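Peer 1: Got data08.txt for you, compact mmCIF, C-alpha atoms:
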```
# COMPACT_ATOMS: atom_id res chain seq x y z
CA MET A 642 19.11 40.45 -78.49
CA ALA A 643 21.17 43.60 -77.72
CA LYS A 644 19.84 43.89 -74.17
CA ASP A 645 21.11 40.37 -73.39
CA ILE A 646 24.65 41.33 -74.39
CA THR A 647 27.31 42.91 -72.14
CA LEU A 648 30.78 43.88 -73.28
CA PHE A 649 33.73 44.78 -71.04
CA TRP A 650 36.24 46.63 -73.19
CA VAL A 651 39.34 48.83 -73.24
CA SER A 652 39.78 51.78 -75.59
CA GLY A 653 42.27 51.11 -78.40
CA SER A 654 42.50 47.35 -77.96
CA PRO A 655 42.13 45.71 -81.40
CA PRO A 656 40.50 42.56 -79.97
CA CYS A 657 37.84 44.69 -78.20
CA TRP A 658 37.31 46.87 -81.24
CA ARG A 659 36.67 43.82 -83.46
CA VAL A 660 33.76 42.77 -81.30
CA MET A 661 32.35 46.31 -81.26
CA ILE A 662 32.50 46.56 -85.05
CA ALA A 663 30.78 43.18 -85.37
CA LEU A 664 28.04 44.32 -82.94
CA GLU A 665 27.43 47.44 -85.06
CA GLU A 666 27.38 45.46 -88.30
CA LYS A 667 24.81 43.08 -86.82
CA ASN A 668 22.63 46.05 -85.75
CA LEU A 669 23.01 45.18 -82.09
CA GLN A 670 23.42 48.77 -80.90
CA GLY A 671 22.26 49.40 -77.34
CA TYR A 672 24.10 46.48 -75.80
CA ASN A 673 25.33 46.91 -72.23
CA GLN A 674 28.95 47.91 -71.95
CA LYS A 675 31.60 48.75 -69.44
CA LEU A 676 34.69 50.68 -70.47
CA LEU A 677 37.67 49.52 -68.39
CA SER A 678 40.87 51.45 -67.79
CA PHE A 679 43.88 49.41 -68.91
CA GLU A 680 46.18 51.88 -67.13
CA LYS A 681 44.37 51.36 -63.83
CA GLY A 682 44.47 47.58 -64.35
CA GLU A 683 40.70 47.28 -64.24
CA HIS A 684 40.87 44.26 -66.59
CA LYS A 685 42.53 42.46 -63.67
CA SER A 686 39.83 43.46 -61.15
CA LYS A 687 37.96 40.80 -59.22
CA GLU A 688 34.77 41.57 -61.17
CA VAL A 689 36.52 40.71 -64.45
CA LEU A 690 38.69 37.85 -63.16
CA ASP A 691 35.60 36.11 -61.77
CA ILE A 692 34.31 35.61 -65.31
CA ASN A 693 37.56 35.94 -67.28
CA PRO A 694 40.28 34.04 -65.40
CA ARG A 695 43.14 35.21 -67.67
CA GLY A 696 42.18 38.86 -67.09
CA GLN A 697 42.08 39.62 -70.81
CA VAL A 698 39.87 41.99 -72.71
CA PRO A 699 37.28 41.80 -74.13
CA THR A 700 34.83 39.94 -71.99
CA PHE A 701 31.58 39.29 -73.82
CA LYS A 702 28.46 38.04 -72.12
CA TYR A 703 25.28 36.78 -73.75
CA GLY A 704 22.82 36.09 -70.96
CA ASP A 705 24.88 33.97 -68.58
CA LYS A 706 27.18 32.62 -71.29
CA ILE A 707 30.65 34.12 -71.40
CA ILE A 708 32.99 34.41 -74.37
CA ASN A 709 36.37 35.93 -73.53
CA GLU A 710 37.93 35.35 -76.91
CA SER A 711 37.40 38.11 -79.48
CA TYR A 712 37.26 35.64 -82.38
CA GLY A 713 34.72 33.61 -80.44
CA ALA A 714 32.51 36.64 -79.78
CA CYS A 715 32.69 37.79 -83.41
CA PHE A 716 31.86 34.35 -84.76
CA PHE A 717 29.10 34.00 -82.17
CA LEU A 718 27.36 37.11 -83.49
CA GLU A 719 26.70 35.29 -86.77
CA VAL A 720 23.98 33.52 -84.76
CA TRP A 721 21.94 36.45 -86.10
CA GLN A 722 22.44 35.30 -89.65
CA THR A 723 19.78 37.37 -91.31
CA GLN A 724 20.29 40.54 -89.24
CA GLY A 725 22.62 43.29 -90.43
CA THR A 726 25.69 42.50 -92.51
CA LYS A 727 26.34 38.88 -93.41
CA LEU A 728 29.91 38.59 -92.14
CA ILE A 729 30.60 35.00 -93.22
CA PRO A 730 29.32 34.15 -96.72
CA GLU A 731 27.42 30.91 -97.40
CA ASN A 732 29.12 30.30 -100.73
CA SER A 733 31.99 27.90 -100.06
CA ASN A 734 34.58 29.65 -102.23
CA GLU A 735 33.86 33.03 -100.63
CA LYS A 736 33.71 31.48 -97.18
CA ALA A 737 37.14 29.87 -97.63
CA GLN A 738 38.67 33.23 -98.50
CA VAL A 739 37.05 35.05 -95.58
CA LEU A 740 38.15 32.38 -93.08
CA GLN A 741 41.72 32.36 -94.41
CA ARG A 742 42.12 36.13 -94.07
CA ALA A 743 40.24 36.32 -90.75
CA PHE A 744 42.43 33.69 -89.11
CA GLU A 745 45.73 34.79 -90.54
CA GLY A 746 44.82 38.19 -89.08
CA ASN A 747 45.84 36.63 -85.78
CA THR A 748 49.42 36.26 -87.03
CA LEU A 749 49.52 39.91 -88.09
CA HIS A 750 48.16 40.96 -84.72
CA GLN A 751 50.59 38.74 -82.81
CA LYS A 752 53.64 40.01 -84.68
CA MET A 753 52.55 43.58 -84.01
CA ILE A 754 52.08 42.82 -80.32
CA ASP A 755 55.49 41.09 -80.16
CA VAL A 756 57.12 44.40 -81.13
CA ILE A 757 54.94 46.77 -79.15
CA THR A 758 55.03 44.85 -75.89
CA TYR A 759 58.66 43.70 -76.00
CA ASN A 760 59.90 46.27 -73.51
CA TRP A 761 57.24 45.69 -70.92
CA ARG A 762 56.71 41.98 -71.48
CA VAL A 763 60.36 40.96 -71.27
CA PRO A 764 62.22 41.73 -68.00
CA GLU A 765 65.05 44.22 -68.51
CA ASN A 766 67.87 41.75 -67.83
CA GLU A 767 66.50 39.39 -70.51
CA ARG A 768 66.18 41.97 -73.28
CA HIS A 769 68.41 41.80 -76.37
CA ASP A 770 68.62 44.26 -79.24
CA SER A 771 68.95 41.27 -81.57
CA ALA A 772 65.62 39.86 -80.36
CA PHE A 773 63.84 43.19 -80.74
CA LYS A 774 65.31 43.56 -84.23
CA ARG A 775 64.11 40.06 -85.13
CA HIS A 776 60.58 40.87 -83.97
CA LYS A 777 60.61 44.04 -86.07
CA GLU A 778 61.84 42.12 -89.13
CA ALA A 779 59.12 39.51 -88.64
CA LEU A 780 56.51 42.28 -88.54
CA THR A 781 57.94 43.86 -91.69
CA ALA A 782 57.79 40.51 -93.54
CA GLU A 783 54.21 40.02 -92.35
CA LEU A 784 53.16 43.50 -93.46
CA LYS A 785 54.68 42.92 -96.90
CA LEU A 786 52.53 39.82 -97.23
CA TRP A 787 49.38 41.87 -96.61
CA GLU A 788 50.61 44.62 -98.94
CA GLY A 789 50.91 41.91 -101.58
CA TYR A 790 47.40 40.60 -100.98
CA LEU A 791 45.97 44.10 -101.40
CA GLN A 792 48.17 44.83 -104.42
CA LYS A 793 46.92 41.69 -106.16
CA GLN A 794 43.25 42.66 -105.82
CA LYS A 795 43.78 46.40 -106.51
CA GLY A 796 40.88 47.93 -108.39
CA SER A 797 38.57 44.94 -107.88
CA SER A 798 37.81 45.22 -104.16
CA SER A 799 38.56 47.51 -101.23
CA PHE A 800 37.88 44.75 -98.72
CA LEU A 801 40.22 42.02 -97.51
CA ALA A 802 38.34 38.96 -98.76
CA GLY A 803 36.11 39.15 -101.78
CA LYS A 804 33.75 41.87 -102.94
CA ASN A 805 32.07 42.59 -99.63
CA PHE A 806 32.90 43.73 -96.13
CA SER A 807 33.30 40.52 -94.10
CA MET A 808 34.55 38.96 -90.90
CA ALA A 809 38.07 39.33 -92.30
CA ASP A 810 37.68 43.14 -92.19
CA VAL A 811 36.00 43.06 -88.77
CA ILE A 812 39.01 41.21 -87.37
CA VAL A 813 41.92 42.74 -89.27
CA PHE A 814 40.92 46.41 -89.64
CA PRO A 815 41.52 47.27 -85.95
CA SER A 816 45.07 45.90 -86.16
CA VAL A 817 45.75 47.91 -89.33
CA ALA A 818 44.36 51.06 -87.68
CA PHE A 819 46.53 50.38 -84.63
CA LEU A 820 49.63 50.12 -86.83
CA PHE A 821 48.98 53.54 -88.39
CA ARG A 822 48.09 55.03 -85.00
CA MET A 823 51.54 53.85 -83.85
CA GLY A 824 53.32 55.54 -86.73
CA LEU A 825 53.41 53.01 -89.58
CA CYS A 826 54.59 54.89 -92.67
CA GLU A 827 51.88 55.30 -95.31
CA GLU A 828 54.47 55.68 -98.08
CA SER A 829 56.11 52.34 -97.19
CA TYR A 830 52.76 50.52 -97.10
CA PRO A 831 50.59 52.29 -99.67
CA ASN A 832 48.07 49.48 -100.12
CA LEU A 833 47.51 49.08 -96.40
CA ALA A 834 47.17 52.88 -96.15
CA GLU A 835 44.55 52.88 -98.91
CA TYR A 836 42.68 50.03 -97.24
CA TYR A 837 42.77 51.92 -93.94
CA LYS A 838 41.51 55.17 -95.46
CA GLY A 839 38.81 53.39 -97.44
CA LEU A 840 37.30 51.86 -94.31
CA LYS A 841 37.88 54.33 -91.50
CA ASP A 842 34.66 56.24 -92.15
CA ARG A 843 32.46 53.17 -92.49
CA PRO A 844 29.61 53.72 -90.01
CA SER A 845 30.36 50.64 -87.85
CA ILE A 846 34.00 51.69 -87.57
CA LYS A 847 33.41 55.40 -87.04
CA ALA A 848 30.82 54.68 -84.33
CA THR A 849 33.30 52.54 -82.41
CA TRP A 850 36.50 54.56 -82.95
CA PRO A 851 38.59 54.30 -79.75
CA PRO A 852 37.64 57.32 -77.64
CA THR A 853 41.18 57.76 -76.30
CA TRP A 854 42.46 58.03 -79.88
CA LYS A 855 40.28 61.08 -80.42
CA GLU A 856 41.76 62.80 -77.38
CA THR A 857 45.48 62.05 -77.65
CA PRO A 858 48.06 61.98 -80.45
CA GLY A 859 49.44 58.69 -81.75
CA GLN A 860 52.96 57.41 -81.23
CA GLN A 861 55.87 56.74 -83.55
CA LEU A 862 56.80 53.21 -82.52
CA PHE A 863 56.34 51.70 -85.98
CA LYS A 864 57.77 54.57 -88.00
CA ASP A 865 60.86 52.59 -89.11
CA ILE A 866 59.10 49.28 -89.72
CA MET B 1162 33.30 16.87 -101.66
CA ALA B 1163 36.25 14.76 -100.38
CA LYS B 1164 37.85 14.51 -103.82
CA ASP B 1165 38.01 18.34 -104.02
CA ILE B 1166 40.01 18.53 -100.78
CA THR B 1167 43.79 18.27 -100.44
CA LEU B 1168 45.66 18.41 -97.15
CA PHE B 1169 49.41 18.90 -96.69
CA TRP B 1170 50.29 17.75 -93.20
CA VAL B 1171 53.03 16.76 -90.79
CA SER B 1172 52.77 13.85 -88.36
CA GLY B 1173 52.32 14.92 -84.72
CA SER B 1174 51.45 18.56 -85.42
CA PRO B 1175 48.35 19.47 -83.37
CA PRO B 1176 47.15 22.04 -85.96
CA CYS B 1177 47.30 19.41 -88.73
CA TRP B 1178 45.69 16.78 -86.57
CA ARG B 1179 42.73 19.08 -85.79
CA VAL B 1180 41.88 19.35 -89.45
CA MET B 1181 42.20 15.58 -89.94
CA ILE B 1182 39.86 14.88 -87.03
CA ALA B 1183 37.34 17.39 -88.41
CA LEU B 1184 37.54 15.74 -91.86
CA GLU B 1185 36.80 12.33 -90.30
CA GLU B 1186 33.93 13.70 -88.22
CA LYS B 1187 32.40 15.23 -91.37
CA ASN B 1188 32.69 11.87 -93.19
CA LEU B 1189 35.11 13.32 -95.73
CA GLN B 1190 37.40 10.29 -95.84
CA GLY B 1191 39.21 9.80 -99.12
CA TYR B 1192 40.47 13.38 -99.45
CA ASN B 1193 43.82 13.89 -101.15
CA GLN B 1194 46.73 14.23 -98.79
CA LYS B 1195 50.45 14.69 -98.73
CA LEU B 1196 52.46 13.83 -95.63
CA LEU B 1197 55.41 16.21 -95.34
CA SER B 1198 58.58 15.59 -93.36
CA PHE B 1199 59.13 18.36 -90.82
CA GLU B 1200 62.69 17.09 -90.23
CA LYS B 1201 63.52 17.43 -93.94
CA GLY B 1202 61.95 20.90 -93.99
CA GLU B 1203 59.42 19.90 -96.64
CA HIS B 1204 56.92 22.44 -95.23
CA LYS B 1205 59.37 25.09 -96.50
CA SER B 1206 59.60 23.58 -99.99
CA LYS B 1207 58.73 25.68 -103.05
CA GLU B 1208 55.59 23.59 -103.65
CA VAL B 1209 54.27 24.54 -100.20
CA LEU B 1210 55.58 28.12 -100.09
CA ASP B 1211 53.87 28.87 -103.40
CA ILE B 1212 50.47 28.41 -101.76
CA ASN B 1213 51.42 28.93 -98.11
CA PRO B 1214 53.84 31.88 -97.91
CA ARG B 1215 54.60 31.48 -94.19
CA GLY B 1216 55.59 27.82 -94.74
CA GLN B 1217 53.32 26.58 -91.99
CA VAL B 1218 51.39 23.38 -91.74
CA PRO B 1219 48.67 22.46 -92.47
CA THR B 1220 47.84 23.64 -95.94
CA PHE B 1221 44.25 22.87 -96.84
CA LYS B 1222 42.89 23.21 -100.36
CA TYR B 1223 39.29 23.05 -101.46
CA GLY B 1224 39.30 23.24 -105.24
CA ASP B 1225 41.50 26.24 -105.89
CA LYS B 1226 40.76 27.92 -102.55
CA ILE B 1227 43.49 27.70 -99.97
CA ILE B 1228 43.16 27.82 -96.19
CA ASN B 1229 46.46 27.69 -94.33
CA GLU B 1230 45.03 28.27 -90.89
CA SER B 1231 43.90 25.18 -88.99
CA TYR B 1232 41.02 27.04 -87.31
CA GLY B 1233 39.95 28.31 -90.72
CA ALA B 1234 39.97 24.83 -92.26
CA CYS B 1235 38.07 23.32 -89.32
CA PHE B 1236 35.42 26.06 -89.36
CA PHE B 1237 35.21 25.79 -93.15
CA LEU B 1238 34.26 22.12 -92.90
CA GLU B 1239 31.01 23.14 -91.20
CA VAL B 1240 29.95 24.13 -94.75
CA TRP B 1241 28.70 20.52 -94.74
CA GLN B 1242 26.27 21.26 -91.96
CA THR B 1243 24.12 18.20 -92.22
CA GLN B 1244 26.91 15.73 -92.97
CA GLY B 1245 28.60 13.79 -90.18
CA THR B 1246 28.99 15.28 -86.70
CA LYS B 1247 27.56 18.75 -86.09
CA LEU B 1248 30.66 20.42 -84.64
CA ILE B 1249 29.17 23.85 -83.90
CA PRO B 1250 25.70 23.73 -82.34
CA GLU B 1251 22.88 25.97 -83.56
CA ASN B 1252 21.56 26.68 -80.07
CA SER B 1253 23.09 29.97 -78.99
CA ASN B 1254 23.95 28.92 -75.42
CA GLU B 1255 25.69 25.77 -76.59
CA LYS B 1256 27.36 27.64 -79.44
CA ALA B 1257 28.79 30.24 -77.04
CA GLN B 1258 30.35 27.52 -74.91
CA VAL B 1259 31.86 25.68 -77.88
CA LEU B 1260 33.34 28.88 -79.34
CA GLN B 1261 34.82 29.94 -76.00
CA ARG B 1262 36.60 26.62 -75.44
CA ALA B 1263 37.63 26.25 -79.10
CA PHE B 1264 39.26 29.69 -79.21
CA GLU B 1265 40.87 29.58 -75.79
CA GLY B 1266 42.42 26.33 -77.02
CA ASN B 1267 44.75 28.58 -78.95
CA THR B 1268 46.14 29.97 -75.69
CA LEU B 1269 46.75 26.47 -74.34
CA HIS B 1270 48.48 25.50 -77.57
CA GLN B 1271 50.59 28.66 -77.65
CA LYS B 1272 51.78 28.27 -74.05
CA MET B 1273 52.73 24.67 -74.78
CA ILE B 1274 54.63 25.72 -77.91
CA ASP B 1275 56.40 28.52 -75.98
CA VAL B 1276 57.95 25.87 -73.73
CA ILE B 1277 58.67 23.19 -76.28
CA THR B 1278 60.23 25.46 -78.89
CA TYR B 1279 62.18 27.75 -76.55
CA ASN B 1280 65.56 26.14 -77.19
CA TRP B 1281 65.33 26.14 -80.98
CA ARG B 1282 63.32 29.34 -81.40
CA VAL B 1283 65.52 31.56 -79.25
CA PRO B 1284 69.20 31.91 -80.28
CA GLU B 1285 71.58 30.50 -77.67
CA ASN B 1286 73.04 33.87 -76.63
CA GLU B 1287 69.54 35.21 -75.91
CA ARG B 1288 68.36 32.32 -73.75
CA HIS B 1289 67.72 32.83 -70.05
CA ASP B 1290 66.79 30.20 -67.47
CA SER B 1291 64.42 32.77 -65.94
CA ALA B 1292 62.52 33.12 -69.25
CA PHE B 1293 62.24 29.36 -69.70
CA LYS B 1294 61.03 29.03 -66.10
CA ARG B 1295 58.43 31.75 -66.73
CA HIS B 1296 57.13 29.95 -69.82
CA LYS B 1297 56.84 26.73 -67.83
CA GLU B 1298 54.97 28.50 -65.05
CA ALA B 1299 52.59 30.07 -67.58
CA LEU B 1300 51.88 26.62 -69.03
CA THR B 1301 51.27 25.20 -65.54
CA ALA B 1302 48.79 28.00 -64.76
CA GLU B 1303 47.05 27.40 -68.08
CA LEU B 1304 46.81 23.65 -67.49
CA LYS B 1305 45.32 24.24 -64.03
CA LEU B 1306 42.60 26.33 -65.66
CA TRP B 1307 41.65 23.44 -67.95
CA GLU B 1308 41.85 20.98 -65.04
CA GLY B 1309 39.38 23.23 -63.27
CA TYR B 1310 36.99 23.34 -66.24
CA LEU B 1311 36.96 19.54 -66.42
CA GLN B 1312 36.68 19.17 -62.63
CA LYS B 1313 33.60 21.41 -62.61
CA GLN B 1314 31.73 19.31 -65.17
CA LYS B 1315 32.89 15.95 -63.80
CA GLY B 1316 30.25 13.25 -64.19
CA SER B 1317 28.05 15.32 -66.50
CA SER B 1318 30.13 15.29 -69.69
CA SER B 1319 33.35 13.83 -71.00
CA PHE B 1320 33.65 16.53 -73.68
CA LEU B 1321 35.06 20.04 -73.38
CA ALA B 1322 31.93 22.06 -74.15
CA GLY B 1323 28.51 20.69 -73.40
CA LYS B 1324 27.13 17.19 -73.72
CA ASN B 1325 28.46 16.39 -77.18
CA PHE B 1326 31.73 16.12 -79.05
CA SER B 1327 32.26 19.51 -80.70
CA MET B 1328 34.69 21.85 -82.44
CA ALA B 1329 36.20 22.50 -79.00
CA ASP B 1330 37.32 18.86 -78.80
CA VAL B 1331 38.46 18.83 -82.44
CA ILE B 1332 40.76 21.75 -81.70
CA VAL B 1333 41.94 21.09 -78.16
CA PHE B 1334 42.29 17.28 -78.06
CA PRO B 1335 45.44 17.19 -80.25
CA SER B 1336 47.17 19.65 -77.90
CA VAL B 1337 46.20 17.58 -74.86
CA ALA B 1338 47.47 14.40 -76.56
CA PHE B 1339 50.70 16.21 -77.43
CA LEU B 1340 51.18 17.21 -73.79
CA PHE B 1341 50.89 13.60 -72.61
CA ARG B 1342 53.08 12.38 -75.48
CA MET B 1343 55.71 14.82 -74.18
CA GLY B 1344 55.54 13.45 -70.66
CA LEU B 1345 52.83 15.44 -68.85
CA CYS B 1346 52.20 13.68 -65.54
CA GLU B 1347 48.78 12.00 -65.37
CA GLU B 1348 48.76 12.16 -61.56
CA SER B 1349 49.29 15.94 -61.58
CA TYR B 1350 46.52 16.50 -64.13
CA PRO B 1351 43.99 13.73 -63.46
CA ASN B 1352 41.06 15.42 -65.20
CA LEU B 1353 43.03 16.12 -68.37
CA ALA B 1354 44.29 12.51 -68.25
CA GLU B 1355 40.71 11.22 -67.96
CA TYR B 1356 39.61 13.47 -70.83
CA TYR B 1357 42.51 12.20 -72.93
CA LYS B 1358 41.79 8.53 -72.21
CA GLY B 1359 38.08 8.99 -72.81
CA LEU B 1360 38.64 10.32 -76.32
CA LYS B 1361 41.77 8.61 -77.63
CA ASP B 1362 39.85 5.65 -79.04
CA ARG B 1363 37.12 7.70 -80.72
CA PRO B 1364 37.08 6.54 -84.36
CA SER B 1365 37.98 9.97 -85.85
CA ILE B 1366 40.91 10.29 -83.47
CA LYS B 1367 42.15 6.70 -83.75
CA ALA B 1368 42.02 6.86 -87.56
CA THR B 1369 44.20 9.98 -87.59
CA TRP B 1370 46.63 9.12 -84.77
CA PRO B 1371 50.07 10.53 -85.76
CA PRO B 1372 51.90 7.69 -87.54
CA THR B 1373 55.27 8.69 -86.07
CA TRP B 1374 53.81 8.36 -82.56
CA LYS B 1375 53.07 4.70 -83.20
CA GLU B 1376 56.67 4.02 -84.17
CA THR B 1377 58.67 5.96 -81.60
CA PRO B 1378 58.48 6.52 -77.84
CA GLY B 1379 57.39 9.88 -76.43
CA GLN B 1380 59.62 12.35 -74.64
CA GLN B 1381 59.76 13.66 -71.08
CA LEU B 1382 59.85 17.39 -71.71
CA PHE B 1383 56.71 18.17 -69.70
CA LYS B 1384 57.30 15.72 -66.85
CA ASP B 1385 57.94 18.46 -64.25
CA ILE B 1386 55.21 20.84 -65.44
```
If you took the structure in this file and wrote it as structure tokens, what would it be?
Peer 2:
Amino acid sequence: MAKDITLFWVSGSPPCWRVMIALEEKNLQGYNQKLLSFEKGEHKSKEVLDINPRGQVPTFKYGDKIINESYGACFFLEVWQTQGTKLIPENSNEKAQVLQRAFEGNTLHQKMIDVITYNWRVPENERHDSAFKRHKEALTAELKLWEGYLQKQKGSSSFLAGKNFSMADVIVFPSVAFLFRMGLCEESYPNLAEYYKGLKDRPSIKATWPPTWKETPGQQLFKDI
Amino acid sequence: MAKDITLFWVSGSPPCWRVMIALEEKNLQGYNQKLLSFEKGEHKSKEVLDINPRGQVPTFKYGDKIINESYGACFFLEVWQTQGTKLIPENSNEKAQVLQRAFEGNTLHQKMIDVITYNWRVPENERHDSAFKRHKEALTAELKLWEGYLQKQKGSSSFLAGKNFSMADVIVFPSVAFLFRMGLCEESYPNLAEYYKGLKDRPSIKATWPPTWKETPGQQLFKDI
């Protein structure tokens, strides 16, 4: 159980946070963990690269089995089907909805990353204002899609897929929180802001709130998105 | 069952093909389907955009529930746990391995797409030989990782994760087939070539082989990767 699990993580990384929320929801508190410094490049250390050849975070270990993909680790935790929150419903209609939102969460995350990493991912001589603008427009269009989803279900549920907290929230909430941490305007995205505020004090989320976010102010990178 | 399922797909698209292989493996032949022409832009038609706002393929419908994400549709099909091939094992060690390979398949696919779509995704005035070269190098590094995985298990299994055909193969095989279709050199990647040849005549794969691939020759885009 929890003692067989080890998580290598970085504070503020949505993929790491997903796994931590899922661990809380499945009542697997007390797992082994190692907080890595992204700034010091510890996710590229030999210790991590030996088990995670792409040098990504998180790295999740269960016994000697390694899952380096955050979706993989989250879905794996449903092995404990009857423990804690049921994150993927049995009912096929509800399951379809949860899977759709959980997996399209990857598109939201990717479009956010495309904007936030542009300046350090793309060498200076290859950067174009037009490309950066296009990435920002793609993120705006994506965010409007999610605003629409939440608008449509307003009043009937405060979760992303159906009546209950699910894998869709586990996976997408950290990206939404990241967007607001980086200055996304609450007035421009009122439904996302309401979703964010409705979930931020949920015990599994509060218990795993990125420690660096408590110590430092956010940034304003997304303020004009 | 099959009569409640509808799939909108495009010939030769690895994400579509994944879902079709999974449907075959789960003995769900006879589902409704609509083959769209990518060249004619039919995946951006009103009929598709109404249920799939990003205009991606595939679109999968089960009754009135819609799953537009290929991973979502494939994982959904495990609703029929006892029908056809068990694609995600119950045993936690085996499950961990299948999930790891299935989800890291997305990285392989993305790095392949980064190379193949560079010239039509990036406007001409923003293209740089150095960026294209970097994408090709990233794909080469990724392919070497998968070569290494297959090398390590040589002689013990011809599947990607464990002793049996699994969700990892459902998801990754179409990308591997696409790479060889686009000219990947068998001599440079002998383990991937052996994996490809070992699976290409599997009934679920043969039955869903992209029809356009039977009619036209492949290309040489990946020949120097």
Peer 1: Choose the residue, out of B:Leu1197, B:Val1209, B:Leu1260, B:Ala1292, that has the smallest atom-to-atom separation from B:Tyr1279; count only C-alpha atoms.
Peer 2: B:Ala1292
Peer 1: Taking only C-alpha atoms into account, report as an NGL selection string which residues of chain A lie within 9 Å of chain B.
Peer 2: :A and (694-695 or 703-714 or 716-717 or 720 or 731-745 or 763-764 or 767-769 or 771-772 or 783 or 786)
Peer 1: Dump C-alpha atoms for the selected residues as a short mmCIF file (atom, residue, chain, number, x, y, z; two decimals), in the frame of the given file?
Peer 2:
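As written to disk, selection-v3.cif reads:
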```
data_model
loop_
_atom_site.label_atom_id
_atom_site.label_comp_id
_atom_site.auth_asym_id
_atom_site.auth_seq_id
_atom_site.Cartn_x
_atom_site.Cartn_y
_atom_site.Cartn_z
CA PRO A 694 40.28 34.04 -65.40
CA ARG A 695 43.14 35.21 -67.67
CA TYR A 703 25.28 36.78 -73.75
CA GLY A 704 22.82 36.09 -70.96
CA ASP A 705 24.88 33.97 -68.58
CA LYS A 706 27.18 32.62 -71.29
CA ILE A 707 30.65 34.12 -71.40
CA ILE A 708 32.99 34.41 -74.37
CA ASN A 709 36.37 35.93 -73.53
CA GLU A 710 37.93 35.35 -76.91
CA SER A 711 37.40 38.11 -79.48
CA TYR A 712 37.26 35.64 -82.38
CA GLY A 713 34.72 33.61 -80.44
CA ALA A 714 32.51 36.64 -79.78
CA PHE A 716 31.86 34.35 -84.76
CA PHE A 717 29.10 34.00 -82.17
CA VAL A 720 23.98 33.52 -84.76
CA GLU A 731 27.42 30.91 -97.40
CA ASN A 732 29.12 30.30 -100.73
CA SER A 733 31.99 27.90 -100.06
CA ASN A 734 34.58 29.65 -102.23
CA GLU A 735 33.86 33.03 -100.63
CA LYS A 736 33.71 31.48 -97.18
CA ALA A 737 37.14 29.87 -97.63
CA GLN A 738 38.67 33.23 -98.50
CA VAL A 739 37.05 35.05 -95.58
CA LEU A 740 38.15 32.38 -93.08
CA GLN A 741 41.72 32.36 -94.41
CA ARG A 742 42.12 36.13 -94.07
CA ALA A 743 40.24 36.32 -90.75
CA PHE A 744 42.43 33.69 -89.11
CA GLU A 745 45.73 34.79 -90.54
CA VAL A 763 60.36 40.96 -71.27
CA PRO A 764 62.22 41.73 -68.00
CA GLU A 767 66.50 39.39 -70.51
CA ARG A 768 66.18 41.97 -73.28
CA HIS A 769 68.41 41.80 -76.37
CA SER A 771 68.95 41.27 -81.57
CA ALA A 772 65.62 39.86 -80.36
CA GLU A 783 54.21 40.02 -92.35
CA LEU A 786 52.53 39.82 -97.23
#
```
Peer 1: Expressed in Å to a single decimal, how great is the separation between atom CA of A:Met808 and atom CA of B:Ala1163?
Peer 2: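 Computed distance, atom CA of A:Met808 to atom CA of B:Ala1163, equals 26.0 Å.
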Peer 1: Name the residues in contact with B:Lys1164 at a cut-off of 10 Å, using only C-alpha atoms, excluding same-chain residues fewer than 6 positions from it; report them as a count of residues only.
Peer 2: 7
Peer 1: Which value, in Å to one decimal, gives the distance between atom CA of B:Gly1344 and atom CA of B:Gln1381?
Peer 2: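 So the answer is 4.2 Å.
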Peer 1: I'd like the interatomic distance between atom CA of A:Arg843 and atom CA of A:Glu827, to a tenth of an Å.
Peer 2: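 It comes out at 19.7 Å.
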Peer 1: Could you tell me, as number ranges by chain, which residues have any atom at most 12 Å from (52.8, 52.0, -87.3), counting all atoms listed in the file?
Peer 2: A: 753-754, 756-757, 777, 780-781, 784, 816-830, 833-834, 859-866
